[in-house]
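Structure record follows, encoded as structure tokens.
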Amino acid sequence: ASFFGAVAPGNPVVDRFEAELRDVLGFLRRLGGAGEGKQQHNLHRHGANTLFNIWIKYKPRLPEWYYNEKLLKVGDSLAQIKEYKLALLQCYGRYLQQFISVNLDVMTDDVHQFKSTFFPHGFRDKKAALTFHALQERNVCIYQMICISDRNLQNQESLQTCFNVLSSIRLIMQVALPQENLCWLIYNGTVQIYTICRHLMMIGQSAKVLEYLLWASICMESSIPLLSVHYLTWRATLYTAVSQCYFDCQDSIHGEIFARRGLIKIDELKQLEVISSSLENSETNKIFREATVKMSIMIFKRAVYEPRRKQKTDFRPKLRVSLKETQNLSWPRTTTEQLLTEMFDGVAAQFLAILEALSDSSRGVCHPAPPIPDEIEIREVIAELFFAGLEILSVNKFLFLLCLYAQVLLYILNCLFLNLFHLFYPPILLRRGSKRAARWGSGSQARSAYHGVSWFVFFSPKKSLKAQDDPTWKKAEMELKLLTLMQSLRFPRKCKRVFSVSESNTKEATMPDGPEKKQTFMSEWGSLKHGEPSHDLITLATTLFSCVSTSKQNIQPDEEILVDVIMFLWQKCKSGLQQIQMSGNDYLKYIHKYKACQ
């Protein structure tokens with residue numbers, strides 16, 4: 001290429017090289033949306049071979065610096081179209097081959113070896129930035145390939161690979177941290193660590209990812225350029241994730257301590273901002289307010305329970321006030337509502353705090369159980385939290401809920417079910433005066449009430465639900481329908497009311513107490529007689545089959561709920577199936593009996 005002049009557009013070698021790269025990238029981009037099949041696989045292999053031949057063909061014809069830059073740029077383009085394997089092998093891996101030929105996964109803790117291998121000429125070398133970029137993107141590609149092949153990380157090797165990637169990212173950050181000009185590398189590293197750790201937290205690996213989230217938080221504090229207000233929202237998110245890890249590990253004390261530490265750091269930055277700037281900035285105030293609310297919610301998560309727990313040395317009976325007696329009083333009516341008023345300004349933050357305080361990663365939605373520890377004082381706090389949440393919803397008259405419910409309900413339900421609700425706070429909900437929390441969390445409170453066995457709360461939010469054509473609403477509608485059918489089977493005596501959702505309306509019917517009376521459950525599947533569990537089981541199974549087989553993929557219920565319902569049905573039907581199997585040809589009488597009941 002140098003024979004024809006400068007390595008720039010207009011050079012025939014460079015132009016031809018750029019044209020061939022554009023052709024192969026365009027081919028792979030079009031191929032990505034063409035589906036799967038043997039023919040598509042062959043075409044993809046052809047594209048990979050073409051890219052391989054281009055690198056081999058032009059390596060001796062181009063300057064090293066230009067060739068290396070193109071390797072990484074093409075790798076970034078491939079990663080954008082989700083061709084992670086090609087980007088790893090043909091681009092980032094090819095670039096890193098000039099430094100080392102052994103497996104990079106074994107180099108996860110030796111800083112000196114890492115420096116001498118990849119940065120023999122120091123960090124001021126022109127290649128340093130490219131090398132850091134290649135190392136980081138290599139880890140991203142490995143993680144994305146694991147997600148594609150094993151999304152739920154059920155394979156132990158996949159799990160170990162994720163932790164190897166986390167260790168590699170931490171090593172890169174450790175080397176780059178003293179260099180202020182590499183602050184972008186630190187920031188990108190924290191984003192990557194958070195993304196992987198959030199995935200691992202969803203599958204119960206909070207104890208193992210805690211050290212990596214702590215490292216990411218400390219790195220944000222140690223890099224001077226990242227201490228500005230611009231990065232405060234992200235730093236608060238990392239603080240919240242660390243605090244949640246402590247709560248997941250049943251170490252609520254350290255979770256609250258770390259949240260209070262984060263609150264102190266935020267206040268220190270606020271004081272510095274006041275000193276350095278004489279003019280008030282509304283956007284800056286919003287950033288500080290959102291970060292403060294995040295930390296305060298994690299503090300409230302423990303503070304609402306601990307002061308109410310009965311001390312071992314306290315033998316005097318406490319005067320208890322019935323919630324029904326305080327129903328008509330003005331806010332704040334209970335100790336919990338007083339604490340909410342003291343810690344949070346607006347109803348949005350108060351409602352988010354209630355949802356977070358009610359969430360528990362150790363308990364599934366479809367497994368109702370009392371709180372742990374099962375103390376009277378804890379039950380009182382939980383009841384007061386639900387009481388306060390219902391008050392917030394009733395004050396808003398559900399007008400806000402009807403507007404945005406279909407768009408955001410299930411998203412929050414899934415986050416709450418995984419106890420990762422705090423990691424996804426929309427900023428506008430954290431700002432003072434925002435009333436969108438009401439429309440955002442009604443369904444969340446219903447699910448919390450279900451696994452907390454608070455039936456009066458479970459039914460109350462559903463009065464506000466109106467059927468919508470939005471897929472998100474359809475998905476939430478199916479989940480609530482399954483939960484309703486399951487609660488009537490789990491607690492037939494405790495549940496006095498039944499809730500059914502059809503495609504066009506919402507109905508609630510009263511169930512008689514006496515077993516001799518009949519309750520008709522009108523729905524799209526026909527009528528059911530109260531007192532015959534087999535009919536309820538058939539209805540639940542039919543509903544489950546309808547949700548899975550007749551629904552599109554984007555509106556199917558949450559996978560965890562589906563698995564729980566299937567296991568519940570199997571436990572209920574297992575004994576009957578065993579009797580049919582043991583009875584031999586007599587199984588026909590069961591079929592005739594079922595048809596007679598119809």
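In the structure tokens, the first chain shown is A, the next is B, and so on; residue numbers restart at 1 for each chain, and ligands run from 1 in the order shown.
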Name the residues of stretch 48-260 of chain A that come out as helix (DSSP H, G or I) in a backbone DSSP run; write them as number ranges by chain. A: 48-61, 64-80, 84-96, 104-106, 111-118, 127-149, 156-176, 180-202, 206-222, 224-227, 229-248, 252-260
Correct to one decimal, the distance atom CA of A:Ala87-atom CA of A:Thr131 is 14.9 Å
A:Phe351, A:Ile81, A:Phe568, A:Met478 ranked by distance to A:Val548, top pick (using only C-alpha atoms):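 Smallest distance to A:Val548 is found for A:Met478.
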Distance of atom CA of A:Gln571 from atom CA of A:Leu540, expressed in Å to one decimal place: 13.4 Å
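Nearest to A:Cys183 of all the residues A:Thr539, A:Gln144, A:Asn152, A:Ser222 is A:Ser222, counting only C-alpha atoms.
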Excluding same-chain residues fewer than 3 positions from stretch 239-248 of chain A, what lies within 8 Å of it counting only C-alpha atoms, as a list in words? Met201, Ser206, Ala207, Val209, Leu210, Leu213, Leu214, Ser217, Arg235, Ala236, Asp251, Ser252, His254, Gly255, Glu256, Phe258, Ala259, Gly262, Lys294, Met295, Met298, Asp360, Ser361, Ser362, Leu420, His422 and Leu423 of chain A
Go ahead and save the picked residues with C-alpha atoms, as a short mmCIF file (atom, residue, chain, number, x, y, z; two decimals), in the first residue's frame.
data_model
loop_
_atom_site.label_atom_id
_atom_site.label_comp_id
_atom_site.auth_asym_id
_atom_site.auth_seq_id
_atom_site.Cartn_x
_atom_site.Cartn_y
_atom_site.Cartn_z
CA MET A 201 -27.66 -12.64 40.86
CA SER A 206 -25.09 -13.16 44.91
CA ALA A 207 -22.53 -14.40 47.44
CA VAL A 209 -20.46 -11.84 42.76
CA LEU A 210 -20.34 -9.56 45.80
CA LEU A 213 -19.46 -5.48 42.57
CA LEU A 214 -17.50 -4.14 45.54
CA SER A 217 -17.78 0.47 43.29
CA ARG A 235 -22.18 4.96 40.99
CA ALA A 236 -25.40 4.90 43.01
CA ASP A 251 -26.71 -10.14 55.78
CA SER A 252 -29.05 -7.20 56.11
CA HIS A 254 -23.98 -4.96 56.16
CA GLY A 255 -26.48 -4.16 53.42
CA GLU A 256 -27.77 -1.22 55.42
CA PHE A 258 -23.07 -0.08 52.85
CA ALA A 259 -26.15 1.87 51.81
CA GLY A 262 -23.08 5.34 49.87
CA LYS A 294 -31.84 4.77 45.81
CA MET A 295 -29.69 4.63 48.93
CA MET A 298 -32.01 0.18 50.66
CA ASP A 360 -37.50 -11.43 49.11
CA SER A 361 -35.21 -13.39 46.78
CA SER A 362 -35.43 -16.52 48.90
CA LEU A 420 -33.58 -7.14 41.39
CA HIS A 422 -33.72 -1.80 42.67
CA LEU A 423 -31.38 -2.32 39.73
#
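The environment of A:Leu185 within 8 Å, counting only C-alpha atoms and disregarding residues fewer than 6 places along the same chain, consists of Phe132, His133, Met173 and Ala176 of chain A.
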Coordinates-based distance that separates atom CA of A:Leu135 from atom CA of A:Gln97 (Å, one decimal):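 Going from atom CA of A:Gln97 over to atom CA of A:Leu135, I get 11.4 Å.
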Show me, as JSON, numbers by chain, the residues that have an atom within 12 Å of A:Thr50 when counting only C-alpha atoms, minus same-chain residues fewer than 6 positions from it. {"A": [20, 21, 22, 23, 24, 25, 27, 28, 43, 44, 56, 57, 86, 90]}
